[in-house]
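Trainee: A single structure is presented below for examination.
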Amino acid sequence: MSGLSLALLLSGTGCGSEASNADTQEAPTQEASITSALARPNFQAPFPCGQSWTYSHHSAEVRRALDFVKNGGGTNGQPQLASAAGYATHHVQSGGAGNYIKIDHGGGWTTYYFHLSAFSVPNGTQVAQGQQIGVTGSTGASSGPHVHYEQLLNGVGQDIVINGVSLAPYPGSYGSRSITSNNCARCEIKGDIKAKYDAVNGPALLGACQAGELATPDGVGRFNHFERGSIYWTPTLGAHVVMGQIRIKWEQVGWEVGVLGYPTTDELTTPDGVGRYNHFERGSIYWTQNTGAWEIHGDIREKWKQLGWERSDLGYPTTGEQKTPDGAGRYNHFQNGSIYWTQATGAREVRGLIRAKWEELGWETSYLGYPTTDEQGATDGVGRYNHFQRGSIYFTPATGAHEVIGDINTKWVALGREAGLLGYPLTDETKTPDGVGRFNHFQNGSIYWSSTTGAREVHGPIRARWESLGWERSALGYPVTDEYAVTGGRESEFQKGFLTLNTANNTVTVRMK
C-alpha cells in the first residue's frame, strides 16, 4: 500500500502508536495465578461481523499485542466485541491502558481490550462470544482511536490467533495486512428462560438478546442479558426478570453472589401503584421515580414488612442498608423516617419529629443511644414516644419533641411519666446556668439534678417562688427532696433551706437552715 493510500486509510481515525510499553501495559505483566492450560478458545476478531480492519504491532509491546483500525476510517465509536465467552471485568489505568476490559475465558486464557471510550457490559459478568463489551476510543496513553488487543495464557502474551489462523509474523505498520471479522455468534434463548421471555412479551419488554444463556459465576444458575434487562434462573427458584434501575442496583450489590442472592419475583408494581420492586432470596430492591432504587434486607426489611412496606408511615427507602458511624449498628433511611438495628436492640423504626430530635442530638452517638422501641402512642392518647437505650423522646403537637435521659428520666418514670403530675417535657435535658446541675422543664413542673442532690421534682407555687428567687443560684440552692405534705400545706427542702406552701391562703414562705 502506498503512503498516500495509508494516509487516506487512517484519515479521521486519529489512530497513533502508544507510548512506551511501561506506560501502556497493565501491571504486572505476569498474571497472579497459574492454571493448567486448556485448548485455546476459538477466538474471533474483537470487532463486528463482516467488518475488515487493518492491523500492526509495535516492537515495544512485550505481550504480543496487535492494534487494529477500521478499513476506510471510522474507527472511533465502533463496538468492541468479546472474542470468546468468559467473565468480564472493568479496569482503568489513566496513564496507560485507559479504560479496558479483561475477559477470563478459563483454562488460563485471557484477552484484553484497551483504550475504550465506554464500557457496554456490567463489571463482573459473564459475556457471550460476539457480545459488545465496549466502545472503541483513545483513553489512556493513546494518540488516536484503535483497538489494542491481547491474548494471554497464564499471563504470558501469545501470538494472536483469530478464527484458528495465526496473525504472526506481525506487520510493523498499518496497511499491509487486514482481516475480516467472523465474530457472528447467534444469541440463543432456550429452556425456562425462553419460556419466561415469551411469557412477558420479551421483545417489547426486554428487547433483543445480547448474551446467550450462560452459567452464573457461582455455578448455581443460568442467565441471559437483553437490551433492557436480564432473566436469571435457578432450579429451585425458576426464571425471573430483573431490569432497569433495579437491575443496576442489583449489579452494584454483587448480583447473585451479593447480599441479596437470586431474584424470587419478576419486577412488579407496588400495591400503592407508585413504585416497582423485585424480591430476592435474602432481601428486596424497591424503586420510585423520586427515590431511585435501594436494597433492603435482613431484620430491617422484616421490620419494614411488619409496618406495611411502602404503605407504612415510613414510605419508600432512600438509602440501602448502611453501617452506623459507631460501627455497632445498621440502618436504612426512608422517605419519612428510619429503621435502626443492633444485635442488642433489634430493628426499630423512628420517624417524624422524634427522629428529627434524635438526629439533632447526634443519632446513636448521642447519650440516648439506639432506639429500643418503635414509635408508640402514649397512654393518654395525646403524645408519641420512642424509648432508647438511655432515655426517651416524647412528642405532642403542643410541646414538640424533647428528650428525657439519665437520672431525670428515672425520676420522671417514677412519677408516672406523662400521666403523672409533671406531664410532658417542654425542654431537653439542659445544663443549669451555674454549670453544676441538669434539668428538664415539664408542663406542670421541673426536675433538677446535681451529683450531690440527685434528681428532684419541684412544681406549683413552690416552684414559682423558687424561680422568683433565682432557681439554683438563689440562697436556697438545689432541691434535695421532692415536694411532700406538711401540716397545713406542702413543702420542699433545698440545700440551704425550705419553701413551705400554706394551702389555706396559697402563700409560700422561705425558711433558711
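Lettering and numbering for the C-alpha cells are positional, with chains as A, B, ... in the shown order, residues counted from 1 in each chain, and ligands counted from 1 in the shown order.
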Sorted by chain and rising residue number, which residues of region 342-363 of chain A lie within 12 Å of region 422-444 of chain A, and what are their closest atom pairs and distances in Å to one decimal, counting only C-alpha atoms, as JSON lines?
Mentor:
{"residue": "A:Lys357", "atom": "CA", "partner": "A:Asp428", "partner_atom": "CA", "distance": 9.5}
{"residue": "A:Trp358", "atom": "CA", "partner": "A:Asp428", "partner_atom": "CA", "distance": 11.0}
{"residue": "A:Glu360", "atom": "CA", "partner": "A:Asp428", "partner_atom": "CA", "distance": 11.3}
{"residue": "A:Leu361", "atom": "CA", "partner": "A:Asp428", "partner_atom": "CA", "distance": 9.7}
Trainee: Grab the residues selected above and save them as a compact mmCIF listing (two decimals), in the first residue's frame with N, CA, C and O atoms.
Mentor:
# COMPACT_ATOMS: atom_id res chain seq x y z
N LYS A 357 -35.51 15.11 66.27
CA LYS A 357 -34.86 15.43 67.54
C LYS A 357 -33.66 14.52 67.78
O LYS A 357 -32.59 14.97 68.20
N TRP A 358 -33.82 13.22 67.49
CA TRP A 358 -32.71 12.27 67.67
C TRP A 358 -31.56 12.64 66.75
O TRP A 358 -30.39 12.62 67.17
N GLU A 360 -30.87 15.66 65.65
CA GLU A 360 -30.31 16.89 66.22
C GLU A 360 -29.35 16.58 67.37
O GLU A 360 -28.31 17.24 67.53
N LEU A 361 -29.68 15.57 68.16
CA LEU A 361 -28.87 15.22 69.32
C LEU A 361 -27.63 14.39 68.95
O LEU A 361 -26.74 14.24 69.78
Trainee: Show me, as a Markdown table, the residues of region 120-162 of chain A having an atom within 9 Å of region 69-86 of chain A, each with the closest atom pair and its distance in Å, using only C-alpha atoms.
Mentor:
| residue | atom | partner | partner_atom | distance |
| --- | --- | --- | --- | --- |
| A:Ser120 | CA | A:Pro79 | CA | 8.8 |
| A:Thr125 | CA | A:Gly86 | CA | 8.3 |
| A:Gln126 | CA | A:Gly86 | CA | 5.5 |
| A:Val127 | CA | A:Ala85 | CA | 5.5 |
| A:Ala128 | CA | A:Ala85 | CA | 4.3 |
| A:Gln129 | CA | A:Ala84 | CA | 4.1 |
| A:Gly130 | CA | A:Ala82 | CA | 5.2 |
| A:Gln131 | CA | A:Leu81 | CA | 5.4 |
| A:Gln132 | CA | A:Leu81 | CA | 4.4 |
| A:Ile133 | CA | A:Leu81 | CA | 5.5 |
| A:Gly134 | CA | A:Gln80 | CA | 5.2 |
| A:Val135 | CA | A:Pro79 | CA | 4.7 |
| A:Thr136 | CA | A:Gly77 | CA | 5.0 |
| A:Gly137 | CA | A:Asn76 | CA | 5.4 |
| A:Ser138 | CA | A:Asn76 | CA | 8.0 |
| A:Gly144 | CA | A:Asn76 | CA | 8.5 |
| A:Pro145 | CA | A:Asn76 | CA | 5.3 |
| A:His146 | CA | A:Val69 | CA | 5.3 |
| A:Val147 | CA | A:Val69 | CA | 6.6 |
| A:Ile162 | CA | A:Ser83 | CA | 8.5 |
Trainee: Store the residues of this selection in a file with all heavy atoms, as a CSV table (one decimal), in the first residue's frame.
Mentor:
chain,number,residue,atom,x,y,z
A,120,SER,N,-19.7,-1.4,27.9
A,120,SER,CA,-21.0,-1.8,27.4
A,120,SER,C,-21.6,-2.9,28.2
A,120,SER,O,-22.8,-3.3,27.9
A,120,SER,CB,-21.0,-2.2,25.9
A,120,SER,OG,-20.5,-1.1,25.1
A,125,THR,N,-19.3,-9.8,35.0
A,125,THR,CA,-20.4,-10.5,34.5
A,125,THR,C,-20.0,-11.5,33.4
A,125,THR,O,-18.9,-11.2,32.7
A,125,THR,CB,-21.5,-9.6,34.0
A,125,THR,OG1,-22.7,-10.3,33.7
A,125,THR,CG2,-21.1,-8.9,32.7
A,126,GLN,N,-20.7,-12.5,33.2
A,126,GLN,CA,-20.4,-13.4,32.1
A,126,GLN,C,-20.8,-12.8,30.8
A,126,GLN,O,-21.9,-12.1,30.7
A,126,GLN,CB,-21.1,-14.8,32.3
A,126,GLN,CG,-20.6,-15.6,33.4
A,126,GLN,CD,-19.4,-16.3,33.1
A,126,GLN,OE1,-19.0,-16.5,32.0
A,126,GLN,NE2,-18.7,-16.8,34.1
A,127,VAL,N,-20.0,-12.9,29.7
A,127,VAL,CA,-20.4,-12.4,28.4
A,127,VAL,C,-20.3,-13.5,27.4
A,127,VAL,O,-19.5,-14.5,27.6
A,127,VAL,CB,-19.5,-11.2,28.0
A,127,VAL,CG1,-19.7,-10.1,28.9
A,127,VAL,CG2,-18.0,-11.6,28.0
A,128,ALA,N,-21.0,-13.4,26.3
A,128,ALA,CA,-21.0,-14.4,25.3
A,128,ALA,C,-20.1,-14.0,24.2
A,128,ALA,O,-19.8,-12.8,24.0
A,128,ALA,CB,-22.4,-14.6,24.7
A,129,GLN,N,-19.6,-14.9,23.4
A,129,GLN,CA,-18.8,-14.6,22.2
A,129,GLN,C,-19.6,-13.7,21.3
A,129,GLN,O,-20.8,-14.0,21.0
A,129,GLN,CB,-18.3,-15.8,21.5
A,129,GLN,CG,-17.4,-15.6,20.3
A,129,GLN,CD,-16.9,-16.9,19.7
A,129,GLN,OE1,-17.6,-17.5,19.0
A,129,GLN,NE2,-15.6,-17.2,20.0
A,130,GLY,N,-19.0,-12.6,20.8
A,130,GLY,CA,-19.7,-11.7,19.9
A,130,GLY,C,-20.5,-10.6,20.6
A,130,GLY,O,-21.1,-9.7,20.0
A,131,GLN,N,-20.6,-10.7,22.0
A,131,GLN,CA,-21.4,-9.7,22.7
A,131,GLN,C,-20.5,-8.4,22.8
A,131,GLN,O,-19.3,-8.4,23.0
A,131,GLN,CB,-21.7,-10.2,24.1
A,131,GLN,CG,-22.5,-9.2,24.9
A,131,GLN,CD,-22.8,-9.7,26.3
A,131,GLN,OE1,-22.6,-10.9,26.6
A,131,GLN,NE2,-23.3,-8.9,27.2
A,132,GLN,N,-21.2,-7.2,22.6
A,132,GLN,CA,-20.5,-6.0,22.7
A,132,GLN,C,-20.1,-5.7,24.1
A,132,GLN,O,-20.9,-5.8,25.0
A,132,GLN,CB,-21.4,-4.8,22.2
A,132,GLN,CG,-20.6,-3.5,22.3
A,132,GLN,CD,-21.4,-2.3,21.7
A,132,GLN,OE1,-22.2,-2.5,20.8
A,132,GLN,NE2,-21.1,-1.1,22.2
A,133,ILE,N,-18.8,-5.5,24.4
A,133,ILE,CA,-18.3,-5.2,25.7
A,133,ILE,C,-17.9,-3.8,25.9
A,133,ILE,O,-17.7,-3.4,27.1
A,133,ILE,CB,-17.1,-6.2,26.0
A,133,ILE,CG1,-16.0,-6.0,25.0
A,133,ILE,CG2,-17.6,-7.6,26.1
A,133,ILE,CD1,-14.7,-6.7,25.3
A,134,GLY,N,-17.6,-3.0,24.8
A,134,GLY,CA,-17.2,-1.7,25.0
A,134,GLY,C,-17.3,-0.9,23.7
A,134,GLY,O,-17.7,-1.5,22.7
A,135,VAL,N,-16.8,0.3,23.7
A,135,VAL,CA,-16.8,1.2,22.5
A,135,VAL,C,-15.4,1.6,22.3
A,135,VAL,O,-14.7,2.1,23.2
A,135,VAL,CB,-17.7,2.4,22.7
A,135,VAL,CG1,-17.7,3.3,21.5
A,135,VAL,CG2,-19.1,1.9,23.0
A,136,THR,N,-14.9,1.5,21.0
A,136,THR,CA,-13.6,1.9,20.7
A,136,THR,C,-13.3,3.4,20.9
A,136,THR,O,-14.2,4.2,20.6
A,136,THR,CB,-13.3,1.6,19.2
A,136,THR,OG1,-13.6,0.2,18.9
A,136,THR,CG2,-11.9,1.9,18.8
A,137,GLY,N,-12.2,3.7,21.5
A,137,GLY,CA,-11.8,5.1,21.8
A,137,GLY,C,-10.3,5.3,21.9
A,137,GLY,O,-9.6,4.5,21.2
A,138,SER,N,-9.9,6.3,22.7
A,138,SER,CA,-8.5,6.6,22.7
A,138,SER,C,-8.1,7.1,24.1
A,138,SER,O,-7.4,8.0,24.3
A,138,SER,CB,-8.2,7.7,21.7
A,138,SER,OG,-6.8,8.0,21.7
A,144,GLY,N,-4.6,8.1,19.4
A,144,GLY,CA,-5.7,8.0,18.5
A,144,GLY,C,-6.5,6.8,18.7
A,144,GLY,O,-6.0,5.8,19.2
A,145,PRO,N,-7.8,6.8,18.2
A,145,PRO,CA,-8.7,5.6,18.4
A,145,PRO,C,-8.2,4.4,17.7
A,145,PRO,O,-7.8,4.5,16.5
A,145,PRO,CB,-10.0,6.1,17.9
A,145,PRO,CG,-9.9,7.6,17.9
A,145,PRO,CD,-8.5,7.9,17.6
A,146,HIS,N,-8.2,3.3,18.4
A,146,HIS,CA,-7.8,2.0,17.8
A,146,HIS,C,-8.2,0.9,18.8
A,146,HIS,O,-8.5,1.2,20.0
A,146,HIS,CB,-6.3,1.9,17.4
A,146,HIS,CG,-5.4,2.0,18.6
A,146,HIS,ND1,-5.1,3.1,19.3
A,146,HIS,CD2,-4.7,1.0,19.2
A,146,HIS,CE1,-4.3,2.9,20.2
A,146,HIS,NE2,-4.0,1.6,20.2
A,147,VAL,N,-8.2,-0.3,18.3
A,147,VAL,CA,-8.4,-1.5,19.2
A,147,VAL,C,-7.0,-2.1,19.5
A,147,VAL,O,-6.3,-2.6,18.6
A,147,VAL,CB,-9.3,-2.6,18.5
A,147,VAL,CG1,-9.3,-3.8,19.3
A,147,VAL,CG2,-10.7,-2.0,18.2
A,162,ILE,N,-6.9,-15.7,15.2
A,162,ILE,CA,-8.3,-15.3,15.0
A,162,ILE,C,-8.9,-16.3,14.1
A,162,ILE,O,-8.4,-16.6,13.0
A,162,ILE,CB,-8.4,-13.9,14.4
A,162,ILE,CG1,-7.8,-12.8,15.3
A,162,ILE,CG2,-9.8,-13.6,14.0
A,162,ILE,CD1,-8.5,-12.6,16.6
Trainee: Write out as a list in words all residues of region 412-483 of chain A that DSSP puts in strand (DSSP E or B) for this structure's backbone.
Mentor: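 Put together, the selection reads Pro425, Thr430, Lys431, Arg438, Phe439, Asn440, His441, Phe442, Gly445, Ser446, Ile447, Tyr448, Trp449, Ser450, Gly454, Ala455, Arg456, Glu457, Val458, His459 and Pro479 of chain A.
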Trainee: Could you write out that same residue set with N, CA, C and O atoms as an mmCIF file, in the first residue's frame?
Mentor:
data_model
loop_
_atom_site.group_PDB
_atom_site.id
_atom_site.type_symbol
_atom_site.label_atom_id
_atom_site.label_comp_id
_atom_site.auth_asym_id
_atom_site.auth_seq_id
_atom_site.Cartn_x
_atom_site.Cartn_y
_atom_site.Cartn_z
ATOM 1 N N PRO A 425 -42.518 16.676 78.729
ATOM 2 C CA PRO A 425 -41.370 17.589 78.778
ATOM 3 C C PRO A 425 -41.534 18.768 77.817
ATOM 4 O O PRO A 425 -42.078 18.624 76.721
ATOM 5 N N THR A 430 -31.043 19.943 80.084
ATOM 6 C CA THR A 430 -30.261 21.159 79.855
ATOM 7 C C THR A 430 -29.357 21.421 81.051
ATOM 8 O O THR A 430 -29.733 21.146 82.198
ATOM 9 N N LYS A 431 -28.175 21.973 80.771
ATOM 10 C CA LYS A 431 -27.258 22.337 81.849
ATOM 11 C C LYS A 431 -27.782 23.580 82.562
ATOM 12 O O LYS A 431 -28.255 24.539 81.930
ATOM 13 N N ARG A 438 -28.291 19.730 86.115
ATOM 14 C CA ARG A 438 -29.029 19.498 84.887
ATOM 15 C C ARG A 438 -30.518 19.597 85.226
ATOM 16 O O ARG A 438 -30.939 19.372 86.374
ATOM 17 N N PHE A 439 -31.354 19.908 84.207
ATOM 18 C CA PHE A 439 -32.797 19.992 84.464
ATOM 19 C C PHE A 439 -33.581 19.740 83.186
ATOM 20 O O PHE A 439 -33.070 19.883 82.073
ATOM 21 N N ASN A 440 -34.827 19.331 83.366
ATOM 22 C CA ASN A 440 -35.874 19.372 82.340
ATOM 23 C C ASN A 440 -37.054 20.139 82.902
ATOM 24 O O ASN A 440 -37.458 19.910 84.066
ATOM 25 N N HIS A 441 -37.613 21.022 82.100
ATOM 26 C CA HIS A 441 -38.906 21.602 82.433
ATOM 27 C C HIS A 441 -39.998 20.753 81.792
ATOM 28 O O HIS A 441 -39.821 20.228 80.673
ATOM 29 N N PHE A 442 -41.116 20.628 82.518
ATOM 30 C CA PHE A 442 -42.280 19.870 82.053
ATOM 31 C C PHE A 442 -43.496 20.784 82.069
ATOM 32 O O PHE A 442 -43.430 21.939 82.512
ATOM 33 N N GLY A 445 -44.205 21.395 85.893
ATOM 34 C CA GLY A 445 -43.138 21.449 86.866
ATOM 35 C C GLY A 445 -41.788 21.179 86.243
ATOM 36 O O GLY A 445 -41.630 21.268 85.018
ATOM 37 N N SER A 446 -40.797 20.860 87.084
ATOM 38 C CA SER A 446 -39.442 20.625 86.630
ATOM 39 C C SER A 446 -38.815 19.511 87.445
ATOM 40 O O SER A 446 -39.275 19.194 88.552
ATOM 41 N N ILE A 447 -37.756 18.920 86.866
ATOM 42 C CA ILE A 447 -36.887 18.022 87.627
ATOM 43 C C ILE A 447 -35.482 18.585 87.532
ATOM 44 O O ILE A 447 -34.972 18.828 86.426
ATOM 45 N N TYR A 448 -34.865 18.805 88.706
ATOM 46 C CA TYR A 448 -33.491 19.306 88.774
ATOM 47 C C TYR A 448 -32.595 18.225 89.369
ATOM 48 O O TYR A 448 -33.007 17.478 90.272
ATOM 49 N N TRP A 449 -31.374 18.158 88.826
ATOM 50 C CA TRP A 449 -30.411 17.152 89.271
ATOM 51 C C TRP A 449 -29.053 17.783 89.479
ATOM 52 O O TRP A 449 -28.620 18.659 88.719
ATOM 53 N N SER A 450 -28.351 17.336 90.509
ATOM 54 C CA SER A 450 -26.914 17.581 90.656
ATOM 55 C C SER A 450 -26.306 16.320 91.254
ATOM 56 O O SER A 450 -27.026 15.469 91.800
ATOM 57 N N GLY A 454 -28.967 14.534 93.655
ATOM 58 C CA GLY A 454 -29.791 13.622 92.871
ATOM 59 C C GLY A 454 -30.862 14.372 92.106
ATOM 60 O O GLY A 454 -30.827 15.601 91.975
ATOM 61 N N ALA A 455 -31.836 13.641 91.570
ATOM 62 C CA ALA A 455 -32.910 14.223 90.756
ATOM 63 C C ALA A 455 -34.137 14.448 91.628
ATOM 64 O O ALA A 455 -34.638 13.511 92.271
ATOM 65 N N ARG A 456 -34.640 15.699 91.642
ATOM 66 C CA ARG A 456 -35.774 16.070 92.496
ATOM 67 C C ARG A 456 -36.780 16.878 91.686
ATOM 68 O O ARG A 456 -36.411 17.727 90.880
ATOM 69 N N GLU A 457 -38.058 16.602 91.948
ATOM 70 C CA GLU A 457 -39.099 17.363 91.248
ATOM 71 C C GLU A 457 -39.501 18.580 92.075
ATOM 72 O O GLU A 457 -39.476 18.563 93.312
ATOM 73 N N VAL A 458 -39.914 19.637 91.354
ATOM 74 C CA VAL A 458 -40.414 20.837 92.009
ATOM 75 C C VAL A 458 -41.520 21.395 91.117
ATOM 76 O O VAL A 458 -41.356 21.461 89.897
ATOM 77 N N HIS A 459 -42.673 21.768 91.734
ATOM 78 C CA HIS A 459 -43.804 22.162 90.892
ATOM 79 C C HIS A 459 -44.690 23.160 91.647
ATOM 80 O O HIS A 459 -44.472 23.453 92.829
ATOM 81 N N PRO A 479 -32.937 21.663 95.088
ATOM 82 C CA PRO A 479 -33.837 20.857 95.933
ATOM 83 C C PRO A 479 -33.167 19.546 96.317
ATOM 84 O O PRO A 479 -32.451 18.939 95.519
#
Trainee: Name all residues at most 8 Å from Val259 (chain A) (count only C-alpha atoms; drop same-chain ones fewer than 4 positions away) and give them as a PDB file with N, CA and C atoms, in the first residue's frame.
Mentor:
ATOM      1  N   VAL A 253     -24.664  -4.275  44.114  1.00  0.00           N
ATOM      2  CA  VAL A 253     -24.506  -5.009  45.374  1.00  0.00           C
ATOM      3  C   VAL A 253     -24.025  -6.440  45.151  1.00  0.00           C
ATOM      4  N   GLY A 254     -23.619  -6.779  43.898  1.00  0.00           N
ATOM      5  CA  GLY A 254     -22.914  -8.035  43.688  1.00  0.00           C
ATOM      6  C   GLY A 254     -23.673  -9.136  42.988  1.00  0.00           C
ATOM      7  N   ARG A 282     -32.730 -13.042  49.796  1.00  0.00           N
ATOM      8  CA  ARG A 282     -32.412 -12.505  51.128  1.00  0.00           C
ATOM      9  C   ARG A 282     -32.713 -11.014  51.242  1.00  0.00           C
ATOM     10  N   GLY A 283     -33.642 -10.527  50.438  1.00  0.00           N
ATOM     11  CA  GLY A 283     -33.971  -9.106  50.528  1.00  0.00           C
ATOM     12  C   GLY A 283     -34.779  -8.644  49.342  1.00  0.00           C
TER      13      GLY A 283
END
Trainee: Rounded to one decimal in Å, what is the spacing between CA of Glu150 (chain A) and CA of Ala65 (chain A)?
Mentor: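 Computing the Euclidean distance for CA of Glu150 (chain A) and CA of Ala65 (chain A) yields 4.7 Å.
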Trainee: Skip Val350 (chain A) itself and residues of its chain fewer than 5 positions away, then list as a list in words all residues within 6 Å of it, counting only C-alpha atoms.
Mentor: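 The contact residues come out as Gly337, Ser338, Arg355 and Glu375 of chain A.
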Trainee: Which is closer to Gln51 (chain A) than all the others in A:Thr180, A:Gln389, A:Gln245, A:Gln289, using only C-alpha atoms?
Mentor: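 Distance minimum relative to Gln51 (chain A) lands on A:Thr180.
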Trainee: If you run DSSP on the backbone, which residues of region 343-435 of chain A are alpha helix (DSSP H), as number ranges by chain?
Mentor: A: 352-361, 406-414
Trainee: Atoms to include: all heavy atoms. Write the selected residues as a short mmCIF file (atom, residue, chain, number, x, y, z; two decimals), in the first residue's frame.
Mentor:
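That gives us again-v8.cif:
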data_model
loop_
_atom_site.label_atom_id
_atom_site.label_comp_id
_atom_site.auth_asym_id
_atom_site.auth_seq_id
_atom_site.Cartn_x
_atom_site.Cartn_y
_atom_site.Cartn_z
N GLY A 352 -40.59 11.09 61.92
CA GLY A 352 -41.20 12.37 62.22
C GLY A 352 -40.34 13.28 63.07
O GLY A 352 -39.11 13.30 62.98
N LEU A 353 -40.98 14.02 63.96
CA LEU A 353 -40.27 14.99 64.80
C LEU A 353 -39.44 14.30 65.87
O LEU A 353 -38.45 14.87 66.36
CB LEU A 353 -41.25 15.96 65.43
CG LEU A 353 -41.93 16.92 64.42
CD1 LEU A 353 -42.94 17.80 65.11
CD2 LEU A 353 -40.89 17.77 63.70
N ILE A 354 -39.80 13.08 66.24
CA ILE A 354 -38.96 12.34 67.18
C ILE A 354 -37.63 12.00 66.52
O ILE A 354 -36.56 12.17 67.11
CB ILE A 354 -39.69 11.07 67.67
CG1 ILE A 354 -40.88 11.48 68.57
CG2 ILE A 354 -38.73 10.15 68.43
CD1 ILE A 354 -41.71 10.32 69.06
N ARG A 355 -37.68 11.54 65.27
CA ARG A 355 -36.44 11.27 64.53
C ARG A 355 -35.63 12.54 64.34
O ARG A 355 -34.40 12.54 64.47
CB ARG A 355 -36.78 10.64 63.17
CG ARG A 355 -35.57 10.40 62.27
CD ARG A 355 -36.06 9.83 60.95
NE ARG A 355 -34.99 9.58 60.01
CZ ARG A 355 -34.51 10.47 59.14
NH1 ARG A 355 -35.00 11.70 59.13
NH2 ARG A 355 -33.56 10.13 58.31
N ALA A 356 -36.30 13.66 64.03
CA ALA A 356 -35.60 14.93 63.85
C ALA A 356 -34.87 15.34 65.12
O ALA A 356 -33.74 15.84 65.08
CB ALA A 356 -36.59 16.01 63.41
N LYS A 357 -35.51 15.11 66.27
CA LYS A 357 -34.86 15.43 67.54
C LYS A 357 -33.66 14.52 67.78
O LYS A 357 -32.59 14.97 68.20
CB LYS A 357 -35.86 15.31 68.69
CG LYS A 357 -35.27 15.42 70.09
CD LYS A 357 -34.54 16.75 70.31
CE LYS A 357 -35.48 17.92 70.31
NZ LYS A 357 -34.76 19.17 70.68
N TRP A 358 -33.82 13.22 67.49
CA TRP A 358 -32.71 12.27 67.67
C TRP A 358 -31.56 12.64 66.75
O TRP A 358 -30.39 12.62 67.17
CB TRP A 358 -33.22 10.86 67.40
CG TRP A 358 -32.25 9.77 67.72
CD1 TRP A 358 -31.45 9.67 68.82
CD2 TRP A 358 -31.98 8.60 66.93
NE1 TRP A 358 -30.70 8.52 68.76
CE2 TRP A 358 -31.01 7.84 67.62
CE3 TRP A 358 -32.48 8.13 65.72
CZ2 TRP A 358 -30.52 6.64 67.12
CZ3 TRP A 358 -32.00 6.92 65.22
CH2 TRP A 358 -31.03 6.18 65.92
N GLU A 359 -31.86 13.02 65.53
CA GLU A 359 -30.81 13.46 64.61
C GLU A 359 -30.10 14.70 65.15
O GLU A 359 -28.87 14.80 65.14
CB GLU A 359 -31.42 13.78 63.24
CG GLU A 359 -30.41 14.33 62.23
CD GLU A 359 -31.05 14.73 60.92
OE1 GLU A 359 -32.28 14.67 60.79
OE2 GLU A 359 -30.29 15.13 60.00
N GLU A 360 -30.87 15.66 65.65
CA GLU A 360 -30.31 16.89 66.22
C GLU A 360 -29.35 16.58 67.37
O GLU A 360 -28.31 17.24 67.53
CB GLU A 360 -31.46 17.77 66.70
CG GLU A 360 -31.05 19.04 67.44
CD GLU A 360 -32.26 19.70 68.10
OE1 GLU A 360 -33.34 19.71 67.48
OE2 GLU A 360 -32.12 20.20 69.23
N LEU A 361 -29.68 15.57 68.16
CA LEU A 361 -28.87 15.22 69.32
C LEU A 361 -27.63 14.39 68.95
O LEU A 361 -26.74 14.24 69.78
CB LEU A 361 -29.72 14.46 70.33
CG LEU A 361 -30.87 15.25 70.97
CD1 LEU A 361 -31.79 14.32 71.73
CD2 LEU A 361 -30.33 16.36 71.88
N GLY A 406 -31.18 9.75 81.63
CA GLY A 406 -30.44 9.60 82.87
C GLY A 406 -31.29 9.59 84.11
O GLY A 406 -32.42 9.08 84.14
N ASP A 407 -30.77 10.18 85.20
CA ASP A 407 -31.47 10.18 86.48
C ASP A 407 -32.74 11.01 86.43
O ASP A 407 -33.70 10.73 87.17
CB ASP A 407 -30.55 10.73 87.58
CG ASP A 407 -29.43 9.75 87.93
OD1 ASP A 407 -29.52 8.58 87.51
OD2 ASP A 407 -28.48 10.16 88.62
N ILE A 408 -32.77 12.04 85.58
CA ILE A 408 -34.01 12.82 85.45
C ILE A 408 -35.10 11.95 84.84
O ILE A 408 -36.26 11.98 85.27
CB ILE A 408 -33.75 14.09 84.62
CG1 ILE A 408 -32.86 15.06 85.42
CG2 ILE A 408 -35.06 14.77 84.22
CD1 ILE A 408 -32.49 16.33 84.68
N ASN A 409 -34.74 11.16 83.86
CA ASN A 409 -35.71 10.25 83.26
C ASN A 409 -36.19 9.21 84.29
O ASN A 409 -37.39 8.90 84.37
CB ASN A 409 -35.09 9.54 82.06
CG ASN A 409 -36.06 8.59 81.37
OD1 ASN A 409 -37.15 8.99 80.96
ND2 ASN A 409 -35.68 7.33 81.26
N THR A 410 -35.26 8.70 85.09
CA THR A 410 -35.64 7.73 86.11
C THR A 410 -36.65 8.33 87.10
O THR A 410 -37.62 7.69 87.48
CB THR A 410 -34.39 7.24 86.87
OG1 THR A 410 -33.48 6.63 85.94
CG2 THR A 410 -34.74 6.26 87.96
N LYS A 411 -36.42 9.58 87.47
CA LYS A 411 -37.35 10.26 88.38
C LYS A 411 -38.70 10.46 87.71
O LYS A 411 -39.76 10.23 88.32
CB LYS A 411 -36.77 11.60 88.81
CG LYS A 411 -37.71 12.51 89.61
CD LYS A 411 -38.18 11.86 90.90
CE LYS A 411 -37.06 11.75 91.92
NZ LYS A 411 -37.56 11.24 93.21
N TRP A 412 -38.69 10.88 86.44
CA TRP A 412 -39.94 11.13 85.72
C TRP A 412 -40.74 9.83 85.57
O TRP A 412 -41.96 9.81 85.74
CB TRP A 412 -39.62 11.73 84.36
CG TRP A 412 -40.81 12.19 83.55
CD1 TRP A 412 -41.84 12.97 83.99
CD2 TRP A 412 -41.11 11.87 82.19
NE1 TRP A 412 -42.74 13.18 82.97
CE2 TRP A 412 -42.31 12.51 81.85
CE3 TRP A 412 -40.45 11.12 81.22
CZ2 TRP A 412 -42.88 12.42 80.59
CZ3 TRP A 412 -41.01 11.04 79.95
CH2 TRP A 412 -42.21 11.67 79.64
N VAL A 413 -40.04 8.72 85.29
CA VAL A 413 -40.70 7.42 85.22
C VAL A 413 -41.34 7.07 86.56
O VAL A 413 -42.48 6.60 86.62
CB VAL A 413 -39.70 6.32 84.79
CG1 VAL A 413 -40.30 4.94 84.94
CG2 VAL A 413 -39.23 6.55 83.35
N ALA A 414 -40.61 7.32 87.64
CA ALA A 414 -41.14 7.01 88.98
C ALA A 414 -42.38 7.83 89.30
O ALA A 414 -43.27 7.37 90.05
CB ALA A 414 -40.05 7.25 90.03
#
Trainee: Residues near Tyr112 (chain A), anyone? I mean within 7 Å using only C-alpha atoms, not counting same-chain ones fewer than 6 positions away, as a list of chain:residue names.
Mentor: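 Near Tyr112 (chain A), the qualifying residues are A:Ile101, A:Lys102, A:Ile103, A:Tyr149, A:Glu150, A:Gln151.
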Trainee: Find the residues near Glu364 (chain A): any atom within 12 Å, counting only C-alpha atoms, skip ones fewer than 4 places away on the same chain, and give them as number ranges by chain.
Mentor: A: 323-331, 339-342, 345, 350, 355, 357-360, 368-372, 388-391
